[in-house]
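Report on the structure given below.
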Amino acid sequence: MTSSSSSRDWYRAVWRWHLYAGLIIAPFLLVLAVTGAVYLFKPQIEQVIYADYYQVEPTGERLSATELYNRVQAEYPDTPITRYRPGESADRSTEFRVMTEEGATTVFVDPYNGKVIGSQLNADRFMSQVELIHGELMIGPLGDRIVELVACWTIVLMATGLYLFWPRNGMQASGTMYPRLRKGKRILRRDLHVVPGFWVTAGLLFLVLTGLPWSGFWGANFQSIATNAGVGYPPSIWGGEAPTSTVKTEDVADVPWAAETLPVPNSEVAGYVPLSLDQVETIAGTVGMDPSYTISIPSTPDGVYTLSAYPDRAQDEATMHVDQYSGAVLADYRYDNYGIVGKAVALGITLHKGTQFGLPNQLISLAICLGVILVVVSGLYLWYSRKPVAKSGAPSAPSRTRRNVLIVLLVGFGIIFPLVGLSLLVVALLDWLIIRRSTKLTRFLNAG
Amino acid sequence: MRRFILGISLVAITALSACAVKEDAVELYKQETPLQATLDFPEVVEAGEPITFEIGLLVEGDVEPDFVHLELQKADGTVSYGMQEATRIADGTYELTTSVKADGLYIARVHAQANGSTIFPAKQFIVGELTEAEWAALYDGAAPVEAVTEPHH
């Protein structure tokens, strides 16, 4: 075999993988790019659609957190209040999260007069829906795994795409950096796929790599490994348990709740009482939390108050656990306390969400999303316009040697990203059990 | 093909076995040295009678606390006996004897600081008889969230 025919054989083998992976991944990638483009502008969109919930008129002194808490509890009796968010500015409403029968609900309160402005089931929020589609295609953990798989296969698509596009006779700007408009439709169709592909590859790879650490399977394991190695997020921020309050349960005041009707002896009443929300709010003020912080209220006798802030910049993040009885700071993790991988992931998240550098960050990410949409649509069009009738248009299956080398490469990739390995297994089983046993399918897929 | 499927199955199964964050991983990151305190007093407390509050302080290392105070007030905030300094009677043990004038539901709060850790745990207790309003406050479960005082410093 000459080197030129060997090269052609390789090209066809890579093309085959690029085509099939592309056809399967394309619809999902399109969904991710569209929802990602919308989600980038979450702050601006929510500011507009929830202006009535967010904006308050600062009039005099704010009511205490405890007073606001009690008013919300009066509105939602027998409903656990799990979080309190004071609000980052004087004209921002205060939020409480209550766990109603319908699910987690945000109650917006005017901190100046204590009136409940409104409430909203968290799952019903527009951006929650967008996030659900982007993160798990609205089908739960299975969707999360599919999104993760799409992200992993996108890396394969980009690698194979680069191989296919790489100019064999030296790099030229035309057909790479800009499309050739006067070279005929065939060339233009190719350029409309390749040129945006060239421009978005680095950005898309960045979005994939910064998105993967959030994924439910690979991300969770990656985070655990990093945390266990001392280079990730400290425990309890992503995975791992929060510390517990140190007071023994039997020493906690046995508060006679409303169901009781008779006085109880001092021995039952006397005991440690939890801090008030006001006191926890004061602690937040003394330790320099970002004003957008949230306080998670403990639900068990040994739970802790967790103060957390995830503002626009990763460097401003903070997670703090406070003993609910003594006010002792049990853990105080800032960005500087993350390991190197934790810092990279945190920065990756804020860059991925477009918040790290504000509008320029959002616009660059938007351009990548739009580029991805163009690459996907033009890729599908390129395939459809070139493929023969009643055939997939895939080049013939490569020789056994080529196939094995590619499979070894993909298995290696599958070890790093196990879901890819699992999907390869599914493909191999499909090929073995169905495609190879059907002449029609073998011919259509050119898999002979 | 069978060998390939077997091989990749093994790889996938091994890799798919999820790992969790180890309990001792916390030691690899920044750690706090929180101050701990216990507060004890007699089970029966009467108005006008001396009450001895004993405070146990657990400080990491051989460090003297910056302060150990006790704040005494009625739970509804109507009466306050202010902040009083507790006397050191032994390593890590402090004491304060005082009294309250009237019956009611009280809060005794320790304010202590050492090694940069500030704490203010509080215990509630009944002196004599409670009024209906005080029982109602207890029944309403107001005590755990009602603001009693601001933290020290």
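Residue numbers start at 1 in each chain; chains themselves are named A, B, ... in the order of the structure tokens; ligands are numbered from 1 in the order shown.
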
>> I'd like the contact shell of Arg168 of chain A - 12 Å cut-off, only C-alpha atoms, skipping same-chain residues fewer than 5 positions apart - returned as an NGL selection string.
In response: :A and (4 or 7-8 or 11 or 162-163)

Resulting file, chosen residues, all heavy atoms, as a compact mmCIF listing (two decimals), in the first residue's frame:
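And here's result.txt as it stands now:
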# COMPACT_ATOMS: atom_id res chain seq x y z
N SER A 4 0.12 7.35 -0.07
CA SER A 4 -1.07 8.16 -0.42
C SER A 4 -2.34 7.35 -0.22
O SER A 4 -3.33 7.85 0.32
CB SER A 4 -0.90 8.67 -1.84
OG SER A 4 -2.02 8.46 -2.58
N SER A 7 -2.90 7.07 3.48
CA SER A 7 -3.43 8.31 4.02
C SER A 7 -4.92 8.43 3.70
O SER A 7 -5.72 8.87 4.54
CB SER A 7 -2.64 9.47 3.40
OG SER A 7 -3.26 10.67 3.67
N ARG A 8 -5.30 8.03 2.48
CA ARG A 8 -6.71 8.09 2.09
C ARG A 8 -7.55 7.16 2.96
O ARG A 8 -8.65 7.48 3.37
CB ARG A 8 -6.86 7.70 0.61
CG ARG A 8 -6.84 8.90 -0.35
CD ARG A 8 -7.49 8.56 -1.67
NE ARG A 8 -6.90 7.38 -2.29
CZ ARG A 8 -5.81 7.42 -3.05
NH1 ARG A 8 -5.18 8.55 -3.25
NH2 ARG A 8 -5.33 6.31 -3.61
N TYR A 11 -8.02 8.71 6.25
CA TYR A 11 -8.96 9.83 6.12
C TYR A 11 -10.40 9.30 6.13
O TYR A 11 -11.27 9.82 6.82
CB TYR A 11 -8.67 10.57 4.81
CG TYR A 11 -9.44 11.86 4.66
CD1 TYR A 11 -8.93 13.06 5.14
CD2 TYR A 11 -10.69 11.87 4.02
CE1 TYR A 11 -9.64 14.24 5.00
CE2 TYR A 11 -11.40 13.05 3.88
CZ TYR A 11 -10.87 14.23 4.37
OH TYR A 11 -11.58 15.40 4.23
N LEU A 162 -10.92 18.22 13.05
CA LEU A 162 -9.63 18.90 12.81
C LEU A 162 -8.77 18.06 11.87
O LEU A 162 -8.12 18.59 10.96
CB LEU A 162 -8.89 19.10 14.14
CG LEU A 162 -9.14 20.41 14.87
CD1 LEU A 162 -8.37 20.44 16.18
CD2 LEU A 162 -8.72 21.61 14.01
N TYR A 163 -8.78 16.75 12.09
CA TYR A 163 -7.98 15.87 11.23
C TYR A 163 -8.46 15.96 9.78
O TYR A 163 -7.67 16.06 8.84
CB TYR A 163 -8.08 14.43 11.74
CG TYR A 163 -7.31 13.45 10.88
CD1 TYR A 163 -5.95 13.23 11.10
CD2 TYR A 163 -7.94 12.77 9.85
CE1 TYR A 163 -5.24 12.35 10.31
CE2 TYR A 163 -7.24 11.89 9.04
CZ TYR A 163 -5.89 11.67 9.28
OH TYR A 163 -5.19 10.80 8.48

For Asp24 of chain B: contacts at 12 Å, only C-alpha atoms, fewer than 6 positions along chain excluded, given as an mmCIF file with all heavy atoms, in the first residue's frame:
data_model
loop_
_atom_site.group_PDB
_atom_site.id
_atom_site.type_symbol
_atom_site.label_atom_id
_atom_site.label_comp_id
_atom_site.auth_asym_id
_atom_site.auth_seq_id
_atom_site.Cartn_x
_atom_site.Cartn_y
_atom_site.Cartn_z
ATOM 1 N N THR A 227 -10.925 16.252 45.278
ATOM 2 C CA THR A 227 -11.069 16.610 46.696
ATOM 3 C C THR A 227 -10.243 15.663 47.566
ATOM 4 O O THR A 227 -9.530 16.101 48.473
ATOM 5 C CB THR A 227 -12.562 16.565 47.111
ATOM 6 O OG1 THR A 227 -13.263 17.560 46.368
ATOM 7 C CG2 THR A 227 -12.735 16.847 48.599
ATOM 8 N N ASN A 228 -10.321 14.365 47.271
ATOM 9 C CA ASN A 228 -9.573 13.382 48.066
ATOM 10 C C ASN A 228 -8.060 13.552 47.925
ATOM 11 O O ASN A 228 -7.303 13.185 48.820
ATOM 12 C CB ASN A 228 -9.954 11.956 47.646
ATOM 13 C CG ASN A 228 -11.344 11.591 48.137
ATOM 14 O OD1 ASN A 228 -11.857 12.198 49.071
ATOM 15 N ND2 ASN A 228 -11.966 10.617 47.507
ATOM 16 N N ALA A 229 -7.639 14.113 46.797
ATOM 17 C CA ALA A 229 -6.207 14.313 46.575
ATOM 18 C C ALA A 229 -5.728 15.647 47.143
ATOM 19 O O ALA A 229 -4.537 15.972 47.058
ATOM 20 C CB ALA A 229 -5.912 14.235 45.082
ATOM 21 N N GLY A 230 -6.649 16.425 47.657
ATOM 22 C CA GLY A 230 -6.263 17.709 48.256
ATOM 23 C C GLY A 230 -6.074 18.817 47.241
ATOM 24 O O GLY A 230 -5.548 19.873 47.578
ATOM 25 N N PRO A 234 -12.654 21.989 48.736
ATOM 26 C CA PRO A 234 -12.694 21.380 50.077
ATOM 27 C C PRO A 234 -14.026 20.633 50.254
ATOM 28 O O PRO A 234 -15.013 20.977 49.600
ATOM 29 C CB PRO A 234 -12.610 22.586 51.020
ATOM 30 C CG PRO A 234 -12.032 23.687 50.199
ATOM 31 C CD PRO A 234 -12.497 23.455 48.800
ATOM 32 N N PRO A 235 -14.057 19.607 51.110
ATOM 33 C CA PRO A 235 -15.289 18.841 51.302
ATOM 34 C C PRO A 235 -16.460 19.743 51.679
ATOM 35 O O PRO A 235 -16.270 20.767 52.336
ATOM 36 C CB PRO A 235 -14.949 17.900 52.465
ATOM 37 C CG PRO A 235 -13.482 17.783 52.445
ATOM 38 C CD PRO A 235 -12.967 19.099 51.958
ATOM 39 N N GLY A 240 -19.118 15.502 49.677
ATOM 40 C CA GLY A 240 -18.654 15.355 51.057
ATOM 41 C C GLY A 240 -19.576 16.065 52.031
ATOM 42 O O GLY A 240 -20.344 16.953 51.648
ATOM 43 N N GLU A 241 -19.477 15.647 53.267
ATOM 44 C CA GLU A 241 -20.392 16.140 54.292
ATOM 45 C C GLU A 241 -19.909 17.448 54.919
ATOM 46 O O GLU A 241 -18.715 17.684 55.036
ATOM 47 C CB GLU A 241 -20.500 15.100 55.410
ATOM 48 C CG GLU A 241 -21.083 13.761 54.968
ATOM 49 C CD GLU A 241 -22.543 13.874 54.555
ATOM 50 O OE1 GLU A 241 -23.292 14.555 55.269
ATOM 51 O OE2 GLU A 241 -22.914 13.305 53.515
ATOM 52 N N PRO A 243 -19.532 19.826 58.296
ATOM 53 C CA PRO A 243 -19.332 19.477 59.710
ATOM 54 C C PRO A 243 -20.665 19.556 60.458
ATOM 55 O O PRO A 243 -21.647 20.070 59.933
ATOM 56 C CB PRO A 243 -18.356 20.546 60.204
ATOM 57 C CG PRO A 243 -18.473 21.674 59.244
ATOM 58 C CD PRO A 243 -18.882 21.090 57.938
ATOM 59 N N GLN B 31 -8.235 24.407 57.902
ATOM 60 C CA GLN B 31 -9.068 23.974 59.017
ATOM 61 C C GLN B 31 -9.190 25.065 60.072
ATOM 62 O O GLN B 31 -8.235 25.803 60.319
ATOM 63 C CB GLN B 31 -8.490 22.713 59.644
ATOM 64 C CG GLN B 31 -8.715 21.484 58.763
ATOM 65 C CD GLN B 31 -8.331 20.212 59.470
ATOM 66 O OE1 GLN B 31 -7.160 19.899 59.591
ATOM 67 N NE2 GLN B 31 -9.325 19.483 59.933
#

> Taking into account only C-alpha atoms, which residue in the set A:Ser245, A:Trp238, A:Trp218, A:Lys183 is nearest to Val21 of chain B?
Replying inline: A:Trp238

> Hey, what does DSSP flag as alpha helix (DSSP H) within segment 81-312 of chain A? Can you give it to me as a ChimeraX atom specification?
Replying inline: /A:126-136,141-165,185-211,218-228,266-269,277-286

> So how far away is atom CA of Glu32 of chain B from atom CA of Asn115 of chain B, in Å?
Replying inline: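 Spanning atom CA of Asn115 of chain B to atom CA of Glu32 of chain B is a straight-line distance of 9.7 Å.
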